[in-house]
Amino acid sequence: MFDRIRRQLPGKWGNVPTTIPVVRLQGAIGMVSPFRPGLSLAALAPVLDKAFGFEAPAVALVVNSPGGSPVQSRLIHDRIRELAAEKKREVLVFVEDVAASGGYMLAIAGDEIFVDASSIVGSIGVVSASFGFTEAIARLGIERRVHTAGESKAILDPFRPERDEDVLHLKTIQQEMHESFIALVKARRGDVLSEAPDLFSGLFWTGSTSRDLGLVDGIGSIRSVLRARFGDKVKMRLVGGQRSIFSRKQGVGISGASLLSGGSLAEGWAEDAVATLEHRALWARYGL
């Protein structure tokens with residue numbers, strides 16, 4: 001409010017540069033562990049509220065994510081669009097290394113998307129990956145015992161042979177999720193998308209090619225685009241930012257009491273180790 005009043009004043013008192021709030025959306029989506037914040041609506045909601053609360057013509061989002069939870073991706077996307085409509089703010093998205101799968105769902109929350117020529121963009125699809133250990137446990141002489149109430153409760157158990165009906169059920173779910181993703185992309189960018197037959201096949205492309213396909217709007221860095229849009233004196237204000245558990249206040253993440261418990265701490269490290277492997281697998285899918 002004060003900046004807006006000062007801009008109306010004469011002389012040096014009115015010379016106030018535009019400040020654009022910037023939010024970083026970095027990492028895998030929904031893969032939260034005690035020592036790794038991850039991207040989730042619960043973690044991002046207060047940051048987004050603060051960013052859209054600025055007296056600014058736009059909010060900039062810096063996206064660098066290989067994807068993750070489709071639900072959290074959609075929740076974050078929808079919250080950004082709700083705030084943009086409520087506060088009447090333009091949303092500018094800047095992709096760094098990758099905006100793929102759920103990461104691209106975050107990107108299309110922007111009114112305009114800018115990338116580096118070598119960014120990885122796309123992967124509009126749904127994947128489920130696991131392992132089968134039926135022969136391994138047989139060689140080791142291990143007997144698998146599973147008791148359920150409900151004949152499909154142990155569907156796709158990795159220690160049992162796959163059943164065709166189980167795989168068909170999984171693929172049906174994936175198809176529904178894929179169609180929902182495609183519908184969202186078309187709703188947000190349908191007027192500029194190309195008609196390439198493999199656009200929604202799960203393939204991904206460089207920033208340059210994704211621009212030609214209509215998945216993004218242009219090549220450019222956050223500094224160059226904001227200076228061209230709002231003047232050379234534009235300022236960027238980073239809002240929020242992910243912190244490790246040791247820099248958080250008690251009551252956020254693991255509490256101080258649980259950190260003093262050897263069992264809870266060990267469990268936290270174990271969960272973080274698993275999350276790290278999952279994160280690395282996601283990034284590695286795009287050669288990163």
# chains A, B, ... in the order shown; residues from 1 in each chain; ligands from 1

call {"tool": "residues_around", "arguments": {"residues": "segment 103-113 of chain A", "least_positions_apart": "4", "cutoff": "9 Å", "atoms": "only C-alpha atoms", "output": "PyMOL selection string"}}
result
chain A and resi 25+27-29+60-68+70+73-74+76-78+80-81+90-95+98-99+121-124+181+184-185+188-189+215-219

call {"tool": "write_last_selection", "arguments": {"atoms": "C-alpha atoms", "output": "PDB file, in the first residue's frame"}}
result
ATOM      1  CA  LEU A  25       8.965 -24.869  -6.156  1.00  0.00           C
ATOM      2  CA  GLY A  27      12.125 -30.934  -5.569  1.00  0.00           C
ATOM      3  CA  ALA A  28       9.882 -33.966  -5.781  1.00  0.00           C
ATOM      4  CA  ILE A  29       6.208 -33.465  -5.019  1.00  0.00           C
ATOM      5  CA  ALA A  60       6.947 -15.345 -10.082  1.00  0.00           C
ATOM      6  CA  LEU A  61       7.251 -19.093  -9.546  1.00  0.00           C
ATOM      7  CA  VAL A  62      10.564 -20.852 -10.110  1.00  0.00           C
ATOM      8  CA  VAL A  63       9.848 -24.517 -10.874  1.00  0.00           C
ATOM      9  CA  ASN A  64      12.447 -27.263 -10.693  1.00  0.00           C
ATOM     10  CA  SER A  65      10.645 -30.569 -10.148  1.00  0.00           C
ATOM     11  CA  PRO A  66      10.642 -34.029 -11.738  1.00  0.00           C
ATOM     12  CA  GLY A  67       7.136 -34.705 -10.454  1.00  0.00           C
ATOM     13  CA  GLY A  68       5.748 -36.950  -7.747  1.00  0.00           C
ATOM     14  CA  PRO A  70      -0.460 -36.337  -8.721  1.00  0.00           C
ATOM     15  CA  SER A  73       0.537 -31.523  -7.770  1.00  0.00           C
ATOM     16  CA  ARG A  74      -3.109 -30.765  -8.505  1.00  0.00           C
ATOM     17  CA  ILE A  76      -0.813 -26.891  -5.385  1.00  0.00           C
ATOM     18  CA  HIS A  77      -1.795 -25.985  -8.961  1.00  0.00           C
ATOM     19  CA  ASP A  78      -5.369 -25.245  -7.932  1.00  0.00           C
ATOM     20  CA  ILE A  80      -2.089 -20.993  -7.167  1.00  0.00           C
ATOM     21  CA  ARG A  81      -4.914 -20.415  -9.636  1.00  0.00           C
ATOM     22  CA  GLU A  90      -0.448 -12.456 -13.105  1.00  0.00           C
ATOM     23  CA  VAL A  91       1.555 -15.644 -12.543  1.00  0.00           C
ATOM     24  CA  LEU A  92       4.879 -15.986 -14.340  1.00  0.00           C
ATOM     25  CA  VAL A  93       6.621 -19.370 -14.223  1.00  0.00           C
ATOM     26  CA  PHE A  94      10.341 -19.904 -14.782  1.00  0.00           C
ATOM     27  CA  VAL A  95      11.557 -23.473 -15.286  1.00  0.00           C
ATOM     28  CA  VAL A  98      13.095 -29.733 -15.220  1.00  0.00           C
ATOM     29  CA  ALA A  99       9.314 -29.351 -15.086  1.00  0.00           C
ATOM     30  CA  VAL A 121       9.709 -30.248 -20.022  1.00  0.00           C
ATOM     31  CA  GLY A 122       6.730 -32.562 -20.459  1.00  0.00           C
ATOM     32  CA  SER A 123       6.281 -36.188 -19.394  1.00  0.00           C
ATOM     33  CA  ILE A 124       2.512 -35.806 -19.408  1.00  0.00           C
ATOM     34  CA  PHE A 181      -3.931 -34.505 -16.537  1.00  0.00           C
ATOM     35  CA  LEU A 184      -5.977 -29.785 -17.331  1.00  0.00           C
ATOM     36  CA  VAL A 185      -3.180 -29.131 -19.844  1.00  0.00           C
ATOM     37  CA  ARG A 188      -4.685 -24.119 -19.478  1.00  0.00           C
ATOM     38  CA  ARG A 189      -2.852 -24.158 -22.837  1.00  0.00           C
ATOM     39  CA  LEU A 215       4.025 -26.462 -23.838  1.00  0.00           C
ATOM     40  CA  VAL A 216       5.783 -23.233 -22.819  1.00  0.00           C
ATOM     41  CA  ASP A 217       5.781 -19.640 -24.034  1.00  0.00           C
ATOM     42  CA  GLY A 218       9.383 -18.603 -24.380  1.00  0.00           C
ATOM     43  CA  ILE A 219      13.073 -18.858 -23.595  1.00  0.00           C
TER      44      ILE A 219
END

call {"tool": "select_by_dssp", "arguments": {"residues": "segment 103-254 of chain A", "states": "alpha helix (DSSP H)", "output": "PDB file with N, CA, C and O atoms, in the first residue's frame"}}
result
ATOM      1  N   GLY A 103       5.650 -31.882 -12.039  1.00  0.00           N
ATOM      2  CA  GLY A 103       6.348 -30.600 -12.118  1.00  0.00           C
ATOM      3  C   GLY A 103       5.810 -29.730 -13.232  1.00  0.00           C
ATOM      4  O   GLY A 103       5.733 -28.500 -13.099  1.00  0.00           O
ATOM      5  N   TYR A 104       5.388 -30.358 -14.332  1.00  0.00           N
ATOM      6  CA  TYR A 104       4.773 -29.585 -15.413  1.00  0.00           C
ATOM      7  C   TYR A 104       3.373 -29.141 -15.016  1.00  0.00           C
ATOM      8  O   TYR A 104       2.924 -28.071 -15.420  1.00  0.00           O
ATOM      9  N   MET A 105       2.682 -29.954 -14.193  1.00  0.00           N
ATOM     10  CA  MET A 105       1.376 -29.526 -13.705  1.00  0.00           C
ATOM     11  C   MET A 105       1.502 -28.252 -12.872  1.00  0.00           C
ATOM     12  O   MET A 105       0.641 -27.375 -12.927  1.00  0.00           O
ATOM     13  N   LEU A 106       2.581 -28.141 -12.109  1.00  0.00           N
ATOM     14  CA  LEU A 106       2.831 -26.900 -11.369  1.00  0.00           C
ATOM     15  C   LEU A 106       3.080 -25.750 -12.339  1.00  0.00           C
ATOM     16  O   LEU A 106       2.598 -24.634 -12.141  1.00  0.00           O
ATOM     17  N   ALA A 107       3.844 -26.019 -13.393  1.00  0.00           N
ATOM     18  CA  ALA A 107       4.215 -24.965 -14.341  1.00  0.00           C
ATOM     19  C   ALA A 107       2.991 -24.377 -15.040  1.00  0.00           C
ATOM     20  O   ALA A 107       2.926 -23.167 -15.269  1.00  0.00           O
ATOM     21  N   THR A 134       9.138 -62.962  -6.703  1.00  0.00           N
ATOM     22  CA  THR A 134       8.608 -64.320  -6.548  1.00  0.00           C
ATOM     23  C   THR A 134       9.698 -65.386  -6.688  1.00  0.00           C
ATOM     24  O   THR A 134       9.767 -66.325  -5.891  1.00  0.00           O
ATOM     25  N   GLU A 135      10.566 -65.270  -7.678  1.00  0.00           N
ATOM     26  CA  GLU A 135      11.611 -66.276  -7.882  1.00  0.00           C
ATOM     27  C   GLU A 135      12.693 -66.156  -6.816  1.00  0.00           C
ATOM     28  O   GLU A 135      13.249 -67.153  -6.376  1.00  0.00           O
ATOM     29  N   ALA A 136      12.973 -64.928  -6.372  1.00  0.00           N
ATOM     30  CA  ALA A 136      14.024 -64.725  -5.374  1.00  0.00           C
ATOM     31  C   ALA A 136      13.662 -65.396  -4.055  1.00  0.00           C
ATOM     32  O   ALA A 136      14.490 -66.087  -3.448  1.00  0.00           O
ATOM     33  N   ILE A 137      12.425 -65.212  -3.593  1.00  0.00           N
ATOM     34  CA  ILE A 137      12.072 -65.806  -2.306  1.00  0.00           C
ATOM     35  C   ILE A 137      11.958 -67.323  -2.422  1.00  0.00           C
ATOM     36  O   ILE A 137      12.186 -68.045  -1.448  1.00  0.00           O
ATOM     37  N   ALA A 138      11.621 -67.815  -3.626  1.00  0.00           N
ATOM     38  CA  ALA A 138      11.557 -69.262  -3.815  1.00  0.00           C
ATOM     39  C   ALA A 138      12.948 -69.872  -3.691  1.00  0.00           C
ATOM     40  O   ALA A 138      13.133 -70.924  -3.055  1.00  0.00           O
ATOM     41  N   ARG A 139      13.954 -69.205  -4.267  1.00  0.00           N
ATOM     42  CA  ARG A 139      15.326 -69.704  -4.186  1.00  0.00           C
ATOM     43  C   ARG A 139      15.844 -69.684  -2.748  1.00  0.00           C
ATOM     44  O   ARG A 139      16.664 -70.520  -2.355  1.00  0.00           O
ATOM     45  N   ASP A 164      -3.399 -60.948 -14.315  1.00  0.00           N
ATOM     46  CA  ASP A 164      -3.835 -60.070 -15.403  1.00  0.00           C
ATOM     47  C   ASP A 164      -4.909 -59.095 -14.943  1.00  0.00           C
ATOM     48  O   ASP A 164      -4.909 -57.915 -15.320  1.00  0.00           O
ATOM     49  N   GLU A 165      -5.833 -59.563 -14.118  1.00  0.00           N
ATOM     50  CA  GLU A 165      -6.924 -58.701 -13.673  1.00  0.00           C
ATOM     51  C   GLU A 165      -6.418 -57.579 -12.762  1.00  0.00           C
ATOM     52  O   GLU A 165      -6.974 -56.474 -12.748  1.00  0.00           O
ATOM     53  N   ASP A 166      -5.337 -57.845 -12.005  1.00  0.00           N
ATOM     54  CA  ASP A 166      -4.765 -56.806 -11.153  1.00  0.00           C
ATOM     55  C   ASP A 166      -4.101 -55.715 -11.986  1.00  0.00           C
ATOM     56  O   ASP A 166      -4.258 -54.523 -11.720  1.00  0.00           O
ATOM     57  N   VAL A 167      -3.363 -56.139 -12.995  1.00  0.00           N
ATOM     58  CA  VAL A 167      -2.690 -55.179 -13.875  1.00  0.00           C
ATOM     59  C   VAL A 167      -3.723 -54.352 -14.636  1.00  0.00           C
ATOM     60  O   VAL A 167      -3.568 -53.134 -14.797  1.00  0.00           O
ATOM     61  N   LEU A 168      -4.792 -54.983 -15.089  1.00  0.00           N
ATOM     62  CA  LEU A 168      -5.853 -54.266 -15.795  1.00  0.00           C
ATOM     63  C   LEU A 168      -6.489 -53.210 -14.901  1.00  0.00           C
ATOM     64  O   LEU A 168      -6.754 -52.086 -15.341  1.00  0.00           O
ATOM     65  N   HIS A 169      -6.694 -53.542 -13.627  1.00  0.00           N
ATOM     66  CA  HIS A 169      -7.275 -52.588 -12.690  1.00  0.00           C
ATOM     67  C   HIS A 169      -6.348 -51.389 -12.506  1.00  0.00           C
ATOM     68  O   HIS A 169      -6.794 -50.231 -12.502  1.00  0.00           O
ATOM     69  N   LEU A 170      -5.045 -51.660 -12.357  1.00  0.00           N
ATOM     70  CA  LEU A 170      -4.073 -50.577 -12.206  1.00  0.00           C
ATOM     71  C   LEU A 170      -4.059 -49.685 -13.436  1.00  0.00           C
ATOM     72  O   LEU A 170      -4.053 -48.451 -13.332  1.00  0.00           O
ATOM     73  N   LYS A 171      -4.059 -50.284 -14.611  1.00  0.00           N
ATOM     74  CA  LYS A 171      -4.024 -49.503 -15.851  1.00  0.00           C
ATOM     75  C   LYS A 171      -5.292 -48.659 -16.019  1.00  0.00           C
ATOM     76  O   LYS A 171      -5.240 -47.559 -16.577  1.00  0.00           O
ATOM     77  N   THR A 172      -6.419 -49.160 -15.537  1.00  0.00           N
ATOM     78  CA  THR A 172      -7.666 -48.388 -15.598  1.00  0.00           C
ATOM     79  C   THR A 172      -7.542 -47.120 -14.749  1.00  0.00           C
ATOM     80  O   THR A 172      -7.946 -46.029 -15.162  1.00  0.00           O
ATOM     81  N   ILE A 173      -6.978 -47.277 -13.554  1.00  0.00           N
ATOM     82  CA  ILE A 173      -6.768 -46.118 -12.679  1.00  0.00           C
ATOM     83  C   ILE A 173      -5.808 -45.133 -13.325  1.00  0.00           C
ATOM     84  O   ILE A 173      -6.031 -43.915 -13.326  1.00  0.00           O
ATOM     85  N   GLN A 174      -4.717 -45.658 -13.885  1.00  0.00           N
ATOM     86  CA  GLN A 174      -3.735 -44.787 -14.535  1.00  0.00           C
ATOM     87  C   GLN A 174      -4.362 -44.020 -15.692  1.00  0.00           C
ATOM     88  O   GLN A 174      -4.062 -42.838 -15.900  1.00  0.00           O
ATOM     89  N   GLN A 175      -5.218 -44.693 -16.452  1.00  0.00           N
ATOM     90  CA  GLN A 175      -5.864 -44.048 -17.593  1.00  0.00           C
ATOM     91  C   GLN A 175      -6.741 -42.894 -17.138  1.00  0.00           C
ATOM     92  O   GLN A 175      -6.758 -41.821 -17.752  1.00  0.00           O
ATOM     93  N   GLU A 176      -7.472 -43.091 -16.048  1.00  0.00           N
ATOM     94  CA  GLU A 176      -8.317 -42.019 -15.521  1.00  0.00           C
ATOM     95  C   GLU A 176      -7.475 -40.826 -15.090  1.00  0.00           C
ATOM     96  O   GLU A 176      -7.817 -39.665 -15.364  1.00  0.00           O
ATOM     97  N   MET A 177      -6.376 -41.094 -14.415  1.00  0.00           N
ATOM     98  CA  MET A 177      -5.497 -40.021 -13.964  1.00  0.00           C
ATOM     99  C   MET A 177      -4.858 -39.306 -15.153  1.00  0.00           C
ATOM    100  O   MET A 177      -4.714 -38.078 -15.157  1.00  0.00           O
ATOM    101  N   HIS A 178      -4.484 -40.081 -16.172  1.00  0.00           N
ATOM    102  CA  HIS A 178      -3.871 -39.504 -17.366  1.00  0.00           C
ATOM    103  C   HIS A 178      -4.846 -38.584 -18.081  1.00  0.00           C
ATOM    104  O   HIS A 178      -4.500 -37.473 -18.505  1.00  0.00           O
ATOM    105  N   GLU A 179      -6.087 -39.023 -18.215  1.00  0.00           N
ATOM    106  CA  GLU A 179      -7.103 -38.207 -18.885  1.00  0.00           C
ATOM    107  C   GLU A 179      -7.353 -36.912 -18.121  1.00  0.00           C
ATOM    108  O   GLU A 179      -7.567 -35.849 -18.727  1.00  0.00           O
ATOM    109  N   SER A 180      -7.318 -36.984 -16.792  1.00  0.00           N
ATOM    110  CA  SER A 180      -7.495 -35.781 -15.987  1.00  0.00           C
ATOM    111  C   SER A 180      -6.348 -34.802 -16.206  1.00  0.00           C
ATOM    112  O   SER A 180      -6.550 -33.581 -16.318  1.00  0.00           O
ATOM    113  N   PHE A 181      -5.122 -35.322 -16.285  1.00  0.00           N
ATOM    114  CA  PHE A 181      -3.931 -34.505 -16.537  1.00  0.00           C
ATOM    115  C   PHE A 181      -4.037 -33.842 -17.911  1.00  0.00           C
ATOM    116  O   PHE A 181      -3.810 -32.628 -18.066  1.00  0.00           O
ATOM    117  N   ILE A 182      -4.389 -34.621 -18.921  1.00  0.00           N
ATOM    118  CA  ILE A 182      -4.515 -34.082 -20.281  1.00  0.00           C
ATOM    119  C   ILE A 182      -5.562 -32.981 -20.332  1.00  0.00           C
ATOM    120  O   ILE A 182      -5.354 -31.930 -20.953  1.00  0.00           O
ATOM    121  N   ALA A 183      -6.690 -33.200 -19.664  1.00  0.00           N
ATOM    122  CA  ALA A 183      -7.762 -32.202 -19.665  1.00  0.00           C
ATOM    123  C   ALA A 183      -7.287 -30.893 -19.038  1.00  0.00           C
ATOM    124  O   ALA A 183      -7.629 -29.799 -19.513  1.00  0.00           O
ATOM    125  N   LEU A 184      -6.491 -30.989 -17.981  1.00  0.00           N
ATOM    126  CA  LEU A 184      -5.977 -29.785 -17.331  1.00  0.00           C
ATOM    127  C   LEU A 184      -5.019 -29.037 -18.251  1.00  0.00           C
ATOM    128  O   LEU A 184      -5.075 -27.805 -18.360  1.00  0.00           O
ATOM    129  N   VAL A 185      -4.131 -29.769 -18.917  1.00  0.00           N
ATOM    130  CA  VAL A 185      -3.180 -29.131 -19.844  1.00  0.00           C
ATOM    131  C   VAL A 185      -3.932 -28.431 -20.968  1.00  0.00           C
ATOM    132  O   VAL A 185      -3.621 -27.286 -21.334  1.00  0.00           O
ATOM    133  N   LYS A 186      -4.942 -29.083 -21.517  1.00  0.00           N
ATOM    134  CA  LYS A 186      -5.718 -28.473 -22.600  1.00  0.00           C
ATOM    135  C   LYS A 186      -6.493 -27.250 -22.119  1.00  0.00           C
ATOM    136  O   LYS A 186      -6.614 -26.254 -22.847  1.00  0.00           O
ATOM    137  N   ALA A 187      -6.992 -27.323 -20.893  1.00  0.00           N
ATOM    138  CA  ALA A 187      -7.738 -26.185 -20.357  1.00  0.00           C
ATOM    139  C   ALA A 187      -6.841 -24.975 -20.159  1.00  0.00           C
ATOM    140  O   ALA A 187      -7.259 -23.835 -20.388  1.00  0.00           O
ATOM    141  N   ARG A 188      -5.601 -25.218 -19.755  1.00  0.00           N
ATOM    142  CA  ARG A 188      -4.685 -24.119 -19.478  1.00  0.00           C
ATOM    143  C   ARG A 188      -3.968 -23.623 -20.731  1.00  0.00           C
ATOM    144  O   ARG A 188      -3.660 -22.442 -20.853  1.00  0.00           O
ATOM    145  N   ARG A 189      -3.682 -24.539 -21.695  1.00  0.00           N
ATOM    146  CA  ARG A 189      -2.852 -24.158 -22.837  1.00  0.00           C
ATOM    147  C   ARG A 189      -3.412 -24.631 -24.170  1.00  0.00           C
ATOM    148  O   ARG A 189      -2.695 -24.678 -25.175  1.00  0.00           O
ATOM    149  N   GLY A 207      13.705 -27.406 -23.584  1.00  0.00           N
ATOM    150  CA  GLY A 207      12.942 -26.171 -23.526  1.00  0.00           C
ATOM    151  C   GLY A 207      12.647 -25.617 -24.903  1.00  0.00           C
ATOM    152  O   GLY A 207      11.539 -25.129 -25.175  1.00  0.00           O
ATOM    153  N   SER A 208      13.620 -25.693 -25.797  1.00  0.00           N
ATOM    154  CA  SER A 208      13.435 -25.159 -27.152  1.00  0.00           C
ATOM    155  C   SER A 208      12.322 -25.891 -27.896  1.00  0.00           C
ATOM    156  O   SER A 208      11.440 -25.280 -28.509  1.00  0.00           O
ATOM    157  N   THR A 209      12.348 -27.219 -27.830  1.00  0.00           N
ATOM    158  CA  THR A 209      11.323 -27.998 -28.519  1.00  0.00           C
ATOM    159  C   THR A 209       9.968 -27.839 -27.846  1.00  0.00           C
ATOM    160  O   THR A 209       8.929 -27.778 -28.524  1.00  0.00           O
ATOM    161  N   SER A 210       9.969 -27.760 -26.524  1.00  0.00           N
ATOM    162  CA  SER A 210       8.692 -27.608 -25.817  1.00  0.00           C
ATOM    163  C   SER A 210       8.019 -26.282 -26.165  1.00  0.00           C
ATOM    164  O   SER A 210       6.795 -26.185 -26.185  1.00  0.00           O
ATOM    165  N   ARG A 211       8.833 -25.280 -26.483  1.00  0.00           N
ATOM    166  CA  ARG A 211       8.262 -24.005 -26.944  1.00  0.00           C
ATOM    167  C   ARG A 211       7.574 -24.210 -28.296  1.00  0.00           C
ATOM    168  O   ARG A 211       6.463 -23.706 -28.519  1.00  0.00           O
ATOM    169  N   ASP A 212       8.221 -24.938 -29.191  1.00  0.00           N
ATOM    170  CA  ASP A 212       7.626 -25.195 -30.498  1.00  0.00           C
ATOM    171  C   ASP A 212       6.343 -26.016 -30.381  1.00  0.00           C
ATOM    172  O   ASP A 212       5.435 -25.881 -31.212  1.00  0.00           O
ATOM    173  N   ILE A 222      14.576 -15.548 -15.285  1.00  0.00           N
ATOM    174  CA  ILE A 222      13.685 -14.731 -14.473  1.00  0.00           C
ATOM    175  C   ILE A 222      14.132 -13.273 -14.462  1.00  0.00           C
ATOM    176  O   ILE A 222      13.315 -12.359 -14.553  1.00  0.00           O
ATOM    177  N   ARG A 223      15.435 -13.034 -14.411  1.00  0.00           N
ATOM    178  CA  ARG A 223      15.941 -11.657 -14.354  1.00  0.00           C
ATOM    179  C   ARG A 223      15.661 -10.929 -15.661  1.00  0.00           C
ATOM    180  O   ARG A 223      15.169  -9.787 -15.663  1.00  0.00           O
ATOM    181  N   SER A 224      15.964 -11.578 -16.776  1.00  0.00           N
ATOM    182  CA  SER A 224      15.793 -10.910 -18.068  1.00  0.00           C
ATOM    183  C   SER A 224      14.314 -10.635 -18.364  1.00  0.00           C
ATOM    184  O   SER A 224      13.965  -9.563 -18.857  1.00  0.00           O
ATOM    185  N   VAL A 225      13.459 -11.597 -18.054  1.00  0.00           N
ATOM    186  CA  VAL A 225      12.040 -11.419 -18.348  1.00  0.00           C
ATOM    187  C   VAL A 225      11.420 -10.347 -17.457  1.00  0.00           C
ATOM    188  O   VAL A 225      10.675  -9.476 -17.937  1.00  0.00           O
ATOM    189  N   LEU A 226      11.736 -10.369 -16.173  1.00  0.00           N
ATOM    190  CA  LEU A 226      11.152  -9.380 -15.267  1.00  0.00           C
ATOM    191  C   LEU A 226      11.661  -7.979 -15.565  1.00  0.00           C
ATOM    192  O   LEU A 226      10.908  -6.997 -15.472  1.00  0.00           O
ATOM    193  N   ARG A 227      12.929  -7.854 -15.941  1.00  0.00           N
ATOM    194  CA  ARG A 227      13.450  -6.533 -16.297  1.00  0.00           C
ATOM    195  C   ARG A 227      12.783  -6.014 -17.566  1.00  0.00           C
ATOM    196  O   ARG A 227      12.480  -4.818 -17.673  1.00  0.00           O
ATOM    197  N   ALA A 228      12.560  -6.885 -18.528  1.00  0.00           N
ATOM    198  CA  ALA A 228      11.904  -6.467 -19.767  1.00  0.00           C
ATOM    199  C   ALA A 228      10.445  -6.096 -19.508  1.00  0.00           C
ATOM    200  O   ALA A 228       9.902  -5.178 -20.130  1.00  0.00           O
ATOM    201  N   ARG A 229       9.815  -6.781 -18.559  1.00  0.00           N
ATOM    202  CA  ARG A 229       8.400  -6.568 -18.287  1.00  0.00           C
ATOM    203  C   ARG A 229       8.139  -5.388 -17.353  1.00  0.00           C
ATOM    204  O   ARG A 229       7.176  -4.639 -17.542  1.00  0.00           O
ATOM    205  N   PHE A 230       9.003  -5.220 -16.343  1.00  0.00           N
ATOM    206  CA  PHE A 230       8.720  -4.231 -15.296  1.00  0.00           C
ATOM    207  C   PHE A 230       9.809  -3.173 -15.115  1.00  0.00           C
ATOM    208  O   PHE A 230       9.744  -2.389 -14.183  1.00  0.00           O
TER     209      PHE A 230
END

call {"tool": "atom_distance", "arguments": {"atom1": "atom CA of Leu41 of chain A", "atom2": "atom CA of Ser101 of chain A"}}
result
17.0 Å

call {"tool": "closest_residue", "arguments": {"among": "A:Val47, A:Val239, A:Ser194, A:Ala56", "to": "Pro17 of chain A", "atoms": "only C-alpha atoms"}}
result
A:Ala56

call {"tool": "atom_distance", "arguments": {"atom1": "atom CA of Glu195 of chain A", "atom2": "atom CA of Ser118 of chain A"}}
result
22.3 Å

call {"tool": "closest_residue", "arguments": {"among": "A:Val127, A:Gly30, A:Thr19, A:Ser221", "to": "Ala42 of chain A", "atoms": "only C-alpha atoms"}}
result
A:Gly30

call {"tool": "closest_residue", "arguments": {"among": "A:Ser201, A:Ser128, A:Thr18, A:Gln72", "to": "Pro57 of chain A", "atoms": "only C-alpha atoms"}}
result
A:Thr18

call {"tool": "closest_residue", "arguments": {"among": "A:Gly150, A:Gly125, A:Gly231, A:Gly240", "to": "Val16 of chain A", "atoms": "only C-alpha atoms"}}
result
A:Gly231

call {"tool": "decode", "arguments": {"residues": "segment 230-242 of chain A", "atoms": "N, CA, C and O atoms", "output": "PDB file, in the first residue's frame"}}
result
ATOM      1  N   PHE A 230       9.003  -5.220 -16.343  1.00  0.00           N
ATOM      2  CA  PHE A 230       8.720  -4.231 -15.296  1.00  0.00           C
ATOM      3  C   PHE A 230       9.809  -3.173 -15.115  1.00  0.00           C
ATOM      4  O   PHE A 230       9.744  -2.389 -14.183  1.00  0.00           O
ATOM      5  N   GLY A 231      10.796  -3.165 -16.013  1.00  0.00           N
ATOM      6  CA  GLY A 231      11.831  -2.138 -15.942  1.00  0.00           C
ATOM      7  C   GLY A 231      13.127  -2.631 -15.325  1.00  0.00           C
ATOM      8  O   GLY A 231      13.145  -3.613 -14.580  1.00  0.00           O
ATOM      9  N   ASP A 232      14.205  -1.932 -15.638  1.00  0.00           N
ATOM     10  CA  ASP A 232      15.538  -2.353 -15.196  1.00  0.00           C
ATOM     11  C   ASP A 232      15.714  -2.327 -13.686  1.00  0.00           C
ATOM     12  O   ASP A 232      16.600  -2.988 -13.139  1.00  0.00           O
ATOM     13  N   LYS A 233      14.880  -1.552 -12.995  1.00  0.00           N
ATOM     14  CA  LYS A 233      15.041  -1.429 -11.546  1.00  0.00           C
ATOM     15  C   LYS A 233      14.145  -2.396 -10.767  1.00  0.00           C
ATOM     16  O   LYS A 233      14.069  -2.305  -9.538  1.00  0.00           O
ATOM     17  N   VAL A 234      13.503  -3.313 -11.452  1.00  0.00           N
ATOM     18  CA  VAL A 234      12.628  -4.254 -10.777  1.00  0.00           C
ATOM     19  C   VAL A 234      13.407  -5.039  -9.725  1.00  0.00           C
ATOM     20  O   VAL A 234      14.576  -5.391  -9.920  1.00  0.00           O
ATOM     21  N   LYS A 235      12.765  -5.296  -8.608  1.00  0.00           N
ATOM     22  CA  LYS A 235      13.374  -6.072  -7.539  1.00  0.00           C
ATOM     23  C   LYS A 235      12.643  -7.392  -7.383  1.00  0.00           C
ATOM     24  O   LYS A 235      11.432  -7.476  -7.588  1.00  0.00           O
ATOM     25  N   MET A 236      13.399  -8.422  -6.992  1.00  0.00           N
ATOM     26  CA  MET A 236      12.806  -9.732  -6.745  1.00  0.00           C
ATOM     27  C   MET A 236      12.907 -10.036  -5.259  1.00  0.00           C
ATOM     28  O   MET A 236      13.972  -9.920  -4.676  1.00  0.00           O
ATOM     29  N   ARG A 237      11.809 -10.440  -4.656  1.00  0.00           N
ATOM     30  CA  ARG A 237      11.773 -10.759  -3.233  1.00  0.00           C
ATOM     31  C   ARG A 237      11.437 -12.231  -3.053  1.00  0.00           C
ATOM     32  O   ARG A 237      10.310 -12.646  -3.319  1.00  0.00           O
ATOM     33  N   LEU A 238      12.419 -13.026  -2.620  1.00  0.00           N
ATOM     34  CA  LEU A 238      12.174 -14.451  -2.393  1.00  0.00           C
ATOM     35  C   LEU A 238      11.299 -14.618  -1.163  1.00  0.00           C
ATOM     36  O   LEU A 238      11.591 -14.099  -0.082  1.00  0.00           O
ATOM     37  N   VAL A 239      10.212 -15.363  -1.329  1.00  0.00           N
ATOM     38  CA  VAL A 239       9.257 -15.581  -0.243  1.00  0.00           C
ATOM     39  C   VAL A 239       9.367 -17.022   0.224  1.00  0.00           C
ATOM     40  O   VAL A 239       9.311 -17.955  -0.573  1.00  0.00           O
ATOM     41  N   GLY A 240       9.479 -17.217   1.521  1.00  0.00           N
ATOM     42  CA  GLY A 240       9.551 -18.572   2.069  1.00  0.00           C
ATOM     43  C   GLY A 240      10.889 -19.200   1.764  1.00  0.00           C
ATOM     44  O   GLY A 240      11.927 -18.557   1.766  1.00  0.00           O
ATOM     45  N   GLY A 241      10.845 -20.482   1.473  1.00  0.00           N
ATOM     46  CA  GLY A 241      12.083 -21.224   1.227  1.00  0.00           C
ATOM     47  C   GLY A 241      12.110 -22.433   2.122  1.00  0.00           C
ATOM     48  O   GLY A 241      11.714 -22.382   3.289  1.00  0.00           O
ATOM     49  N   GLN A 242      12.549 -23.554   1.590  1.00  0.00           N
ATOM     50  CA  GLN A 242      12.577 -24.780   2.356  1.00  0.00           C
ATOM     51  C   GLN A 242      13.777 -24.780   3.297  1.00  0.00           C
ATOM     52  O   GLN A 242      14.870 -24.363   2.945  1.00  0.00           O
TER      53      GLN A 242
END
